[in-house]
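Q: Take a look at the following structure, please.
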Amino acid sequence: MSATLPVAGSARVRAAAWGDLRADRAAVAGLLLLNGLASAAGLVGPWLLGRIVDAVRAGSGDVLGTVDRLALGVLVFTVVQTLLARWALAVGYRFGERTAGRVRERFLARTLALPPSVAEHVPAGELIARGSTDASVVATTLRRAVPEVLVALVQALFLIVAVLVLDPLLGLCGLVCLLGVGAALRWYLRRARPAYLTEAATGARLADVVTSTAKGARTIEALALEGRRAEAADTAVADARAARLRTLWLRTVLFPSFDVSCVLPVVGVLLVGGALHANGLVSVGVVVAATVYLRQLVGPLDTLVVWVEQLQGATASYARVEGLAEVPRDEPGPAAAPGNDRIEVSGVRYAYAGGRDVLRGVDLVVRPGERLALVGTSGAGKSTLARLLAGLDRPRTGSVTVGGTPVADLPPDRLREQVVLVTQDHHVFHDTVRDNLRVVKPGATDEELRAVLAAVGARWVGDLPQGLDTEVGADISLDGARAQQLSLARVVLADPHTLILDEATALLDPTTARETERSLGAVLRGRTVIAIAHRLQTAHDADRVAVLEAGELVELGTHDELVSAGGPYGRLWRSWHGGHGEPGGRDPGRRPGSARQGGR
Ligand SMILES: Nc1ncnc2c1ncn2[C@@H]1O[C@H](COP(=O)(O)OP(=O)(O)OP(=O)(O)O)[C@@H](O)[C@H]1O
């Protein structure tokens with residue numbers, strides 16, 4: 001089953017962006033103030049320039065001295081503006097870095113808090129794309145866009161006010177000519193959001209196809225699926241290309257229209273200013289100053305348009321990063337504390353992603369401390385039932401409870417004190433041995449850690465020069481057996497009352513399997529164990545055997561009861577043991593399904 005993660009709506013993105021700004025309001029206020037001062041200082045230059053023109057034209061008095069003083073003023077204010085602008089930029093970059101850090105931490109926290117039922121079904125590429133490409137786009141945008149957009153906005157505002165104050169008629173004329181910029185932006189913005197969301201989604205799909213193809217390379221080769229994977233990749237590339245071309249087209253319309261629209265105010269003011277001057281209504285100095293202001297407006301407007309364009313992509317990325325907040329959480333109910341260790345499966349039906357039911361009305365009570373073996377042919381539903389028992393998924397109907405509380409309702413820290421699923425997938429983190437263990441019990445002391453390592457036979461840790469501080473992956477690399485011991489030590493530390501074993505040793509090489517079984521012995525002691533029995537010996541040794549067929553629990557009882565009943569389990573046992581019905585030692589590790597054909 002695969003699920004898509006939600007994408008946040010515009011309102012949530014705005015709220016998140018506003019929250020990020022508020023979280024660092026001192027920096028934002030500083031940014032506004034510094035940019036305001038820098039822009040005000042920038043306005044003085046053109047005004048002094050206009051005064052120089054008028055002084056030269058008037059030609060009376062100490063023209064040279066006046067021009068020198070005014071020119072010195074231009075220089076001083078330009079330097080002041082440059083210094084203030086650089087200071088503002090430094091404040092802005094620091095703000096951007098802090099905010100980018102906050103966005104990434106939020107994303108990580110939300111990813112870690114994803115319910116297992118969601119995390120396991122999300123395409124790998126989707127989370128990778130959101131956590132890397134999208135988070136980077138958001139981070140870069142916040143780092144650069146906020147300071148640059150603020151600078152540009154304040155500058156543009158000041159320039160517009162300045163030109164209006166200088167001469168309202170020329171100012172109005174300039175603003176009317178600016179309407180073209182607004183029209184170009186409006187056209188673009190109406191089309192941009194869906195186009196950029198599609199671009200991000202097709203990019204993530206492409207990443208997913210590539211990741212899953214690389215991950216499943218062996219299976220693809222073994223089943224000769226190269227052609228199909230290549231086709232899937234071609235389709236993903238074509239979709240990504242089409243989406244990129246669409247956004248490229250939007251940009252190719254926006255930028256030229258903007259460039260043309262920016263020249264119009266300057267042309268308009270020169271024409272109108274010329275006519276007004278000819279009629280003695282304004283001085284040449286005022287026309288020059290107004291033209292310089294409007295010409296200067298192109299810089300901030302250009303910055304704004306570039307960012308408006310980039311913000312479309314960044315907003316789509318922000319929406320994808322924030323989308324994780326909209327994943328429904330499995331909140332623990334108020335009665336989350338289980339009353340006892342009894343596990344009860346009642347009327348459970350389950351289907352993957354809208355498919356047919358693969359569990360069909362399963363009822364089962366597991367008594368505390370018992371060893372229960374789940375037996376069934378391949379595809380009967382054993383692993384699915386194991387996942388429901390471990391709280392990794394919820395039944396479609398019915399319930400799976402521990403001590404009366406639905407297992408999937410338990411928060412992760414409480415769940416791992418109750419039930420833990422042990423599979424072949426023994427994950428080891430690139431971290432110290434200590435932290436590899438402490439993920440399940442952050443407060444565990446070194447003595448506790450040494451005790452659990454000793455319990456699973458991982459005495460080799462004591463021989464490492466740095467002991468518990470050894471960095472796995474950097475100081476040592478662990479072979480399969482040691483990695484398993486580490487992850488089994490983690491299970492002992494979590495100390496759940498129930499363990500569910502799925503393929504814990506079935507597919508291991510014999511030496512590793514023997515070592516793991518020794519470690520497992522210590523892990524299982526004193527706990528309820530529900531084992532998917534790929535070896536009939538496991539079923540024989542269990543207290544009870546539950547037999548699944550096509551998603552239904554068809555038999556439940558002790559090994560002896562089921563053998564004498566002569567039902568599916570009895571037939572399986574007899575076929576395995578050539579009709580003698582006696583345990584003839586360990587089977588060679590084949591599954592019950594294959595045992596039927598390959599029976600001795
Ligand atoms: N992620 C999945 N998406 C869709 N269908 C699935 C998924 N996992 C399992 N199934 C289907 O659910 C049914 C039960 O599968 P399950 O893995 O629980 O059986 P099983 O008894 O554990 O088999 P095996 O011994 O081969 O692991 C099968 O028909 C299988 O194809």
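Chains: A, B, ... in order of the structure tokens. Residues: from 1 per chain. Ligands: from 1, in order shown.
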Kindly work out which residues sit at most 8 Å from ligand 1, using only C-alpha atoms and all ligand atoms, and give the list as a ChimeraX atom specification.
A: /A:1-2,121,351-353,355,358-359,375-386,532,534,548,550-551,591
Q: Those same residues - C-alpha atoms - I'd like them written as a PDB file, in the first residue's frame.
A:
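Saved file out.pdb follows:
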ATOM      1  CA  MET A   1       0.000   0.000   0.000  1.00  0.00           C
ATOM      2  CA  SER A   2       1.303   3.449  -0.734  1.00  0.00           C
ATOM      3  CA  HIS A 121       3.270   3.254   3.449  1.00  0.00           C
ATOM      4  CA  ALA A 351      -7.277  -4.752   3.760  1.00  0.00           C
ATOM      5  CA  TYR A 352      -4.278  -3.025   2.167  1.00  0.00           C
ATOM      6  CA  ALA A 353      -5.094   0.244   0.370  1.00  0.00           C
ATOM      7  CA  GLY A 355      -7.872  -4.023  -1.754  1.00  0.00           C
ATOM      8  CA  VAL A 358      -6.480 -10.224   3.729  1.00  0.00           C
ATOM      9  CA  LEU A 359      -7.649 -10.886   7.312  1.00  0.00           C
ATOM     10  CA  VAL A 375       1.256 -21.136  11.052  1.00  0.00           C
ATOM     11  CA  GLY A 376      -0.026 -20.808   7.509  1.00  0.00           C
ATOM     12  CA  THR A 377       0.942 -20.952   3.882  1.00  0.00           C
ATOM     13  CA  SER A 378       2.560 -18.000   2.181  1.00  0.00           C
ATOM     14  CA  GLY A 379       0.085 -15.114   1.877  1.00  0.00           C
ATOM     15  CA  ALA A 380      -2.247 -16.492   4.576  1.00  0.00           C
ATOM     16  CA  GLY A 381      -1.951 -13.239   6.537  1.00  0.00           C
ATOM     17  CA  LYS A 382       0.566 -14.114   9.285  1.00  0.00           C
ATOM     18  CA  SER A 383       2.762 -11.019   8.853  1.00  0.00           C
ATOM     19  CA  THR A 384      -0.279  -8.777   8.541  1.00  0.00           C
ATOM     20  CA  LEU A 385      -1.686 -10.135  11.800  1.00  0.00           C
ATOM     21  CA  ALA A 386       1.751  -9.682  13.410  1.00  0.00           C
ATOM     22  CA  ILE A 532       5.395 -16.733  12.978  1.00  0.00           C
ATOM     23  CA  HIS A 534       8.474 -20.888   9.497  1.00  0.00           C
ATOM     24  CA  LEU A 548      -4.316 -19.136   9.296  1.00  0.00           C
ATOM     25  CA  ALA A 550      -6.574 -17.179   3.372  1.00  0.00           C
ATOM     26  CA  GLY A 551      -6.958 -14.615   6.155  1.00  0.00           C
ATOM     27  CA  ARG A 591       8.250 -22.681   5.209  1.00  0.00           C
TER      28      ARG A 591
END
Q: Applying 9 Å and only C-alpha atoms, which residues near Gly285 (chain A) remain after dropping the ones on its own chain fewer than 6 positions away? List them as an NGL selection string.
A: :A and (47 or 49-55 or 57)
Q: Give me the residues within 10 Å of Val176 (chain A) as a list of chain:residue names, counting only C-alpha atoms and dropping any in the same chain fewer than 6 places off.
A: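 Neighbouring residues, sequence-local ones excluded: A:Leu170, A:Leu264, A:Pro265, A:Gly268.
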Q: Neighbours of Arg144 (chain A) within 8 Å (only C-alpha atoms; same-chain residues fewer than 6 positions away dropped), as a VMD selection string?
A: chain A and resid 92 to 93 96
Q: From the options A:Phe107, A:Trp18, A:Phe255, A:Trp573, which residue's atoms come nearest to Ala325 (chain A), counting only C-alpha atoms?
A: A:Phe107
Q: Calculated over only C-alpha atoms, which of the candidates A:Val122, A:Val422, A:Leu179, A:Val272 has the smallest distance to Asp208 (chain A)?
A: A:Val122
Q: Do you know which residues are at most 12 Å from Trp187 (chain A) counting only C-alpha atoms, after dropping those on the same chain fewer than 6 positions away, and could you put them as a short mmCIF file (atom, residue, chain, number, x, y, z; two decimals) with C-alpha atoms, in the first residue's frame?
A:
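What follows is the written file part_26.cif:
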data_model
loop_
_atom_site.label_atom_id
_atom_site.label_comp_id
_atom_site.auth_asym_id
_atom_site.auth_seq_id
_atom_site.Cartn_x
_atom_site.Cartn_y
_atom_site.Cartn_z
CA GLY A 180 1.64 47.18 -16.40
CA VAL A 181 3.89 45.57 -13.77
CA ARG A 193 0.70 27.83 -7.49
CA LEU A 250 5.17 31.15 -17.10
CA ARG A 251 8.55 32.74 -16.40
CA VAL A 253 6.02 35.49 -20.18
CA LEU A 254 6.51 37.22 -16.83
CA PHE A 255 10.04 38.57 -17.17
CA SER A 257 6.44 41.82 -19.74
CA PHE A 258 7.94 43.09 -16.51
CA GLU A 309 8.63 34.09 -9.03
#
Q: Considering only C-alpha atoms, can you say which of A:Arg371, A:Val461, A:Ala8, A:Tyr350 comes closest to Arg394 (chain A)?
A: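 Nearest to Arg394 (chain A): A:Tyr350.
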Q: Set the distance at 9 Å and use only C-alpha atoms: which residues neighbour region 293-306 of chain A once local chain neighbours fewer than 4 positions away are removed? I'd like the list as a CSV table (one decimal) with N, CA and C atoms, in the first residue's frame.
A:
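Output file part.csv is given in full below:
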chain,number,residue,atom,x,y,z
A,43,LEU,N,17.4,58.0,-0.5
A,43,LEU,CA,16.6,59.0,-1.2
A,43,LEU,C,17.2,60.4,-1.3
A,46,PRO,N,19.4,61.4,-4.9
A,46,PRO,CA,18.7,62.0,-6.1
A,46,PRO,C,18.2,63.4,-5.9
A,47,TRP,N,17.7,63.6,-4.6
A,47,TRP,CA,17.2,64.9,-4.3
A,47,TRP,C,18.3,66.0,-4.4
A,148,GLU,N,16.0,40.3,1.5
A,148,GLU,CA,16.0,41.0,0.2
A,148,GLU,C,14.6,41.6,-0.1
A,149,VAL,N,13.6,40.8,0.2
A,149,VAL,CA,12.2,41.4,-0.1
A,149,VAL,C,11.9,42.6,0.8
A,151,VAL,N,14.1,44.7,2.1
A,151,VAL,CA,14.9,45.8,1.6
A,151,VAL,C,14.2,46.4,0.4
A,152,ALA,N,13.8,45.5,-0.6
A,152,ALA,CA,13.2,46.0,-1.8
A,152,ALA,C,11.8,46.7,-1.6
A,153,LEU,N,11.0,46.1,-0.6
A,153,LEU,CA,9.7,46.7,-0.3
A,153,LEU,C,9.9,48.1,0.2
A,154,VAL,N,10.8,48.2,1.2
A,154,VAL,CA,10.9,49.5,1.9
A,154,VAL,C,11.5,50.5,0.9
A,155,GLN,N,12.5,50.1,0.1
A,155,GLN,CA,13.0,51.0,-0.9
A,155,GLN,C,12.0,51.5,-1.9
A,156,ALA,N,11.2,50.5,-2.4
A,156,ALA,CA,10.1,50.8,-3.4
A,156,ALA,C,9.1,51.8,-2.8
A,159,LEU,N,10.7,55.3,-2.5
A,159,LEU,CA,10.9,55.9,-3.8
A,159,LEU,C,9.5,56.5,-4.3
A,160,ILE,N,8.5,55.7,-4.1
A,160,ILE,CA,7.2,56.1,-4.6
A,160,ILE,C,6.7,57.3,-3.8
A,162,ALA,N,8.6,59.4,-2.3
A,162,ALA,CA,9.5,60.5,-2.6
A,162,ALA,C,9.1,61.2,-3.9
A,163,VAL,N,8.7,60.4,-4.9
A,163,VAL,CA,8.4,61.0,-6.2
A,163,VAL,C,7.0,61.7,-6.1
A,171,GLY,N,4.5,62.2,-10.0
A,171,GLY,CA,4.4,60.9,-9.2
A,171,GLY,C,3.2,60.1,-9.7
A,174,GLY,N,3.9,58.5,-13.0
A,174,GLY,CA,4.8,57.3,-12.9
A,174,GLY,C,4.0,56.1,-12.4
A,181,VAL,N,3.2,46.5,-14.6
A,181,VAL,CA,3.9,45.6,-13.8
A,181,VAL,C,2.9,44.8,-13.0
A,185,LEU,N,2.2,40.7,-13.1
A,185,LEU,CA,2.2,39.8,-11.9
A,185,LEU,C,0.9,39.1,-11.7
A,254,LEU,N,6.4,36.2,-17.9
A,254,LEU,CA,6.5,37.2,-16.8
A,254,LEU,C,7.7,38.2,-17.0
A,255,PHE,N,8.9,37.7,-17.2
A,255,PHE,CA,10.0,38.6,-17.2
A,255,PHE,C,10.1,39.6,-18.3
A,258,PHE,N,7.5,42.3,-17.6
A,258,PHE,CA,7.9,43.1,-16.5
A,258,PHE,C,9.0,44.1,-17.0
A,259,ASP,N,10.0,43.7,-17.8
A,259,ASP,CA,11.0,44.6,-18.2
A,259,ASP,C,10.4,45.8,-19.0
A,262,CYS,N,8.6,48.2,-16.8
A,262,CYS,CA,9.4,49.1,-15.9
A,262,CYS,C,9.9,50.3,-16.7
A,263,VAL,N,10.1,50.2,-18.0
A,263,VAL,CA,10.6,51.4,-18.7
A,263,VAL,C,9.5,52.4,-18.9
A,265,PRO,N,7.2,54.0,-16.8
A,265,PRO,CA,7.2,55.1,-16.0
A,265,PRO,C,8.2,56.2,-16.3
A,266,VAL,N,9.5,55.7,-16.6
A,266,VAL,CA,10.5,56.7,-16.9
A,266,VAL,C,10.2,57.5,-18.2
A,269,VAL,N,7.3,59.9,-17.4
A,269,VAL,CA,7.7,61.1,-16.6
A,269,VAL,C,8.5,62.0,-17.4
A,288,VAL,N,14.5,65.8,-13.3
A,288,VAL,CA,15.6,64.9,-13.2
A,288,VAL,C,15.5,64.0,-12.0
A,289,ALA,N,15.2,64.6,-10.8
A,289,ALA,CA,15.1,63.8,-9.6
A,289,ALA,C,14.0,62.8,-9.7
A,310,GLN,N,10.3,33.2,-7.5
A,310,GLN,CA,10.9,32.1,-6.7
A,310,GLN,C,10.1,31.7,-5.6
A,311,LEU,N,9.3,32.7,-5.0
A,311,LEU,CA,8.4,32.3,-3.9
A,311,LEU,C,7.3,31.3,-4.3
Q: Between A:Ala195, A:Val327, A:Ala316, A:Ala113, single out the one closest to Thr4 (chain A), counting only C-alpha atoms.
A: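 Smallest separation from Thr4 (chain A) among the options: A:Val327.
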